[in-house]
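Chemist: Dropping a structure here in structure tokens format, bear with me for questions.
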Amino acid sequence: MDKVNRADVMSDWKTEFTKRVQTESKSRKETFTFYDARQKEKYHTQRDKVFLSVVSFLNSDPLQNNDYVKFVSCYIKTGSKLDTKYFKNNLNKLNEYYKKVDEAKAKGETFNPFSIKAYERYVLFMVLKFSGEYTSDLDEAFGVQTVGHREYNPLTNIPSVLRGELPFEVKEYDIKRAFPTFIDIELVKEYRHTVYDILDKKTFSYLLNSNVTNERADRNKILKELSKVYGDDADKVCTVERFETKGGAFLDFSKYEKEYIERFVTENNLINYVRLHDGVFVLADTDCNFFVFDWVEFSIKECIKPPIENEIVNFYTIDQSDKVFTSPTMYAEFFIQEKFLRISTPDDKIFLLRDTNNVVNYFNHNTDMVAFLKDNINEFGNSFNAVADTIARENFSVIKQGFLLIPSIELKYYSDTKNTFGLPFKNGFYYFDMNDDGQIKSKEYTDVKGFFTPHEIQSREFKYTDEIGMFEKFLIRVSIGLKEVNTQDAKNIVESFKTMFGYLCHNYKDATKNPCIVLTDMDADDETRNGRRGKTLISKAVQEVQESIVKGGKEFDSGYTHVFADLEKKHNVYIIDDVPAGFKYDDLYTNILGDISCQRKGLKAEAIKFKDAPKFVITSNWVVPYDEKNASTNGRFIEYKFTNYYNTTHTPKDEFQYAFFQDWNADEWNRFYSFVFRCVKLFLQKGIIKTEYNKTDDNYKAYFSNDVVYTEFERIISILKMNDSFNVTDFLKEYNDISNPLRFEKMFTPKNIKKLVDAWAGKFNIENKGFYFKYTNRRKWFKIQK
């Protein structure tokens, strides 16, 4: 019987059922329909009830949630593939179906393994069998036949991924290692327990079924492979007769299938069952007690439906009429799955961020959420449009209610500890712990406490290396001006620069020692300002490690109310670049070792606690003065002077032939970040090492950078130094003399004279060989012979 007639079992019953019920009920309706017959339950037989249960089941669209049907159907109808992110089952099997669709298309054919008619016939067949209403006269209609020793029926013809789509649960008992067991029976030897350890199942099946009709089939090669399992018995497995007969092995072994299936059915008193090759399907609540017959052993497969390999949720369900169902809970579960987080805020507003590998991505939920949800609609045709329309309507209602069901959390950024350091890379979080073994390790982001602000570092994969990179060589050049570290003094200076860099890359803050780093030029004279020494590259290197904020020196005004308006908790380093002469370093005292008040424009001031506040870096081409007696200043600032190895005519790019950071490849980035880890470890081991500089000349240049001040000071001091001693009053007397027109400029006051004279005396005492000046507790500078 052809396939069209086989599909008529249900329609034939409907016709017969409708006429019979109309007759038995003596209905006088002019048009008596199948629907009318369904309503007259009094006239329904047990067989009718079975058929009607199938009608109800099929009307519920049971394949709606079968992902194989959904994904393959979309590909066949549209040529596009749905997002496999939402595919719940085995992706390899799905790709096999896709491949078969492509192969058929290349031949100008259509491949669709999921025939709805075949599936409906399968359901009816299985329901009739398990309800006891199946009769042998239906065999022809359902295509049930026996070929050789095997039975073929709707179950054997339906794809395995649809076998579980029934109105009841079923399970399967099949023969374990069927063909290897049958071979053992023939050989009276036991090989079956190890056969698949030596040959995989697919290869073993190919060897058994190869014969003269197969192109390139070679019995000698088959025997060679089979001998790996069966040794000298291989020729008894692939006999000449089997090799020369198409399907010879199958025909021989399938007789064993039939024999042992029948024994299994008989011994377990099975009445309602369906055979599938070397197994039988029964209802899930059927009890079987006998599983072993001679060497043949049956195993049980209780889950017939394709196993769920991807536990994923979506924000909607949709029925066969394209009606969409959503709820606040469904939205919330989807948002949580997609790593949306709701932040607890003081103003009690909904504040969402998207978390990927602990990276904080703020999300504009009012304007962008519908587009995001639309991108996650995994439907096609009218179904897609139905879901899209639904989310557009629900943006400010059900969707917003879903936001409220997301548990709120406090936004806390990741922070190193006193003894640990870590960086977030694309391929994992890499860290070391000095309390452990200090070795660099990696771990999953789910094991990291705290969030990270979006940063380029997260787009780079990391692999540690001991190779010296461009930046490490650069740091040596700027610190000592030599290509090789060949003296102990040079080693000490290089080490101090490394600890300084490690300190800036480590975002833990120690309240007892948290200095501001000041990067200046060696031999600066405050006149020519020969910069280009590499200070900016240091600050850029820090920015490649930690989230930083950069302010121009002239832009940063400590007296401005909103100077810290754009500072946030995410910033770990605050860089003030190229500060001018006379920069008020003292104004940063409180900010360096205390909380920082951030006055946002138009908003209430926000206090960033010390532990969340950034470390400070200042770069300058000007001389920075130093007062040995000012302990508070000295404890808060540490200066590092850059040599003139690099300058306007010899830049790092000239030497290395690469623009730092911009032109680096993956290997150079690995060298850079590996150096960062080494510098931080050195800092944690030794603390920040301070390089000592003679500041006498610096102080003189810093205080006398103004030519008018310098000239007037030199005029007055040239008079006073002729005396055996002088004090501040003597200096002011000369300056405020009625004949001096500069007295109105107020260049010298009781507050600045001592500082200026000390700076002058420091330089004078070094350069003058005859005598020197010393300030005593008598508040005078005394001339003392050397």
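The way I read the labels, and the way they are meant: chains A, B, ... in the order of the structure tokens, residue 1 as the first residue of every chain, and ligand 1 as the first ligand shown, with later ones counted on from there.
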Counting only C-alpha atoms, what is within 8 Å of A:Tyr508, bar same-chain residues fewer than 4 positions away, as a list in words?

Modeler: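 Within the cut-off, the hits are Ser415, Asp416, Thr417, Lys418 and Lys611 of chain A.
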
Chemist: Show me, as an mmCIF file with C-alpha atoms, in the first residue's frame, the residues that have an atom within 9 Å of A:Lys570 when counting only C-alpha atoms, minus same-chain residues fewer than 6 positions from it.

Modeler:
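Output below, filename around_12.cif:
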```cif
data_model
loop_
_atom_site.group_PDB
_atom_site.id
_atom_site.type_symbol
_atom_site.label_atom_id
_atom_site.label_comp_id
_atom_site.auth_asym_id
_atom_site.auth_seq_id
_atom_site.Cartn_x
_atom_site.Cartn_y
_atom_site.Cartn_z
ATOM 1 C CA TYR A 413 34.675 46.481 42.119
ATOM 2 C CA PHE A 452 35.703 44.990 36.584
ATOM 3 C CA THR A 453 35.062 48.096 34.569
ATOM 4 C CA GLU A 547 41.281 51.913 34.938
ATOM 5 C CA SER A 548 42.684 55.438 35.131
ATOM 6 C CA ASP A 612 38.099 52.966 46.859
ATOM 7 C CA ALA A 613 39.961 56.163 45.977
ATOM 8 C CA PRO A 614 42.704 56.148 43.320
#
```

Chemist: So that I can see what lies close to A:Arg532, please list as a PyMOL selection string the residues with an atom at most 7 Å from it, counting only C-alpha atoms and leaving out residues fewer than 4 positions away in the same chain.

Modeler: chain A and resi 646-648

Chemist: Which residues are near stretch 767-774 of chain A? Cut-off 6 Å, only C-alpha atoms, ignore same chain within fewer than 5 positions. Put them as a list in words.

Modeler: Trp781, Phe782, Lys783, Ile784, Gln785 and Lys786 of chain A

Chemist: Hey, can you spit out that residue selection with N, CA, C and O atoms as a compact mmCIF listing (two decimals), in the first residue's frame?

Modeler:
```
# COMPACT_ATOMS: atom_id res chain seq x y z
N TRP A 781 71.45 83.13 60.03
CA TRP A 781 72.41 82.43 59.20
C TRP A 781 73.80 82.97 59.55
O TRP A 781 74.05 84.19 59.45
N PHE A 782 74.66 82.10 60.01
CA PHE A 782 76.00 82.51 60.41
C PHE A 782 77.00 82.09 59.34
O PHE A 782 76.92 80.99 58.79
N LYS A 783 77.96 83.00 59.09
CA LYS A 783 79.03 82.71 58.15
C LYS A 783 80.11 81.91 58.89
O LYS A 783 80.61 82.35 59.92
N ILE A 784 80.45 80.76 58.37
CA ILE A 784 81.42 79.88 59.02
C ILE A 784 82.52 79.52 58.03
O ILE A 784 82.24 79.14 56.89
N GLN A 785 83.76 79.67 58.48
CA GLN A 785 84.90 79.34 57.63
C GLN A 785 85.00 77.83 57.46
O GLN A 785 84.79 77.06 58.40
N LYS A 786 85.33 77.39 56.23
CA LYS A 786 85.50 75.95 55.97
C LYS A 786 86.84 75.47 56.47
O LYS A 786 87.80 76.22 56.51
```

Chemist: Mind checking which residues fall within 7 Å of stretch 65-78 of chain A, counting only C-alpha atoms, ignoring those fewer than 6 positions away in the same chain, and posting them as number ranges by chain?

Modeler: A: 87-88, 94, 98, 114, 380

Chemist: Write to file, as a PDB file, in the first residue's frame, the residues of the selection just made, with N, CA, C and O atoms.

Modeler:
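Result file follows (result-v8.pdb):
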```
ATOM      1  N   PHE A  87      19.384  25.969  21.418  1.00  0.00           N
ATOM      2  CA  PHE A  87      19.138  24.568  21.076  1.00  0.00           C
ATOM      3  C   PHE A  87      19.415  23.708  22.302  1.00  0.00           C
ATOM      4  O   PHE A  87      20.510  23.729  22.859  1.00  0.00           O
ATOM      5  N   LYS A  88      18.434  22.931  22.707  1.00  0.00           N
ATOM      6  CA  LYS A  88      18.519  22.233  23.992  1.00  0.00           C
ATOM      7  C   LYS A  88      19.226  20.874  23.906  1.00  0.00           C
ATOM      8  O   LYS A  88      19.676  20.353  24.917  1.00  0.00           O
ATOM      9  N   LEU A  94      22.175  17.784  15.330  1.00  0.00           N
ATOM     10  CA  LEU A  94      21.522  18.844  14.562  1.00  0.00           C
ATOM     11  C   LEU A  94      22.331  19.167  13.321  1.00  0.00           C
ATOM     12  O   LEU A  94      21.779  19.321  12.212  1.00  0.00           O
ATOM     13  N   TYR A  98      21.477  19.268   9.290  1.00  0.00           N
ATOM     14  CA  TYR A  98      21.783  20.399   8.405  1.00  0.00           C
ATOM     15  C   TYR A  98      22.590  19.930   7.191  1.00  0.00           C
ATOM     16  O   TYR A  98      22.356  20.364   6.058  1.00  0.00           O
ATOM     17  N   PHE A 114      11.275  15.176   8.980  1.00  0.00           N
ATOM     18  CA  PHE A 114      10.188  15.280   9.941  1.00  0.00           C
ATOM     19  C   PHE A 114       8.846  15.457   9.221  1.00  0.00           C
ATOM     20  O   PHE A 114       8.238  16.529   9.257  1.00  0.00           O
ATOM     21  N   PHE A 380      10.568  31.965  13.452  1.00  0.00           N
ATOM     22  CA  PHE A 380      10.598  32.476  12.094  1.00  0.00           C
ATOM     23  C   PHE A 380       9.158  32.655  11.606  1.00  0.00           C
ATOM     24  O   PHE A 380       8.214  32.094  12.179  1.00  0.00           O
TER      25      PHE A 380
END
```

Chemist: Quote the spacing between atom CA of A:Lys236 and atom CA of A:Tyr206 in Å to one decimal place.

Modeler: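 About the pair atom CA of A:Lys236 and atom CA of A:Tyr206: they are 16.6 Å apart.
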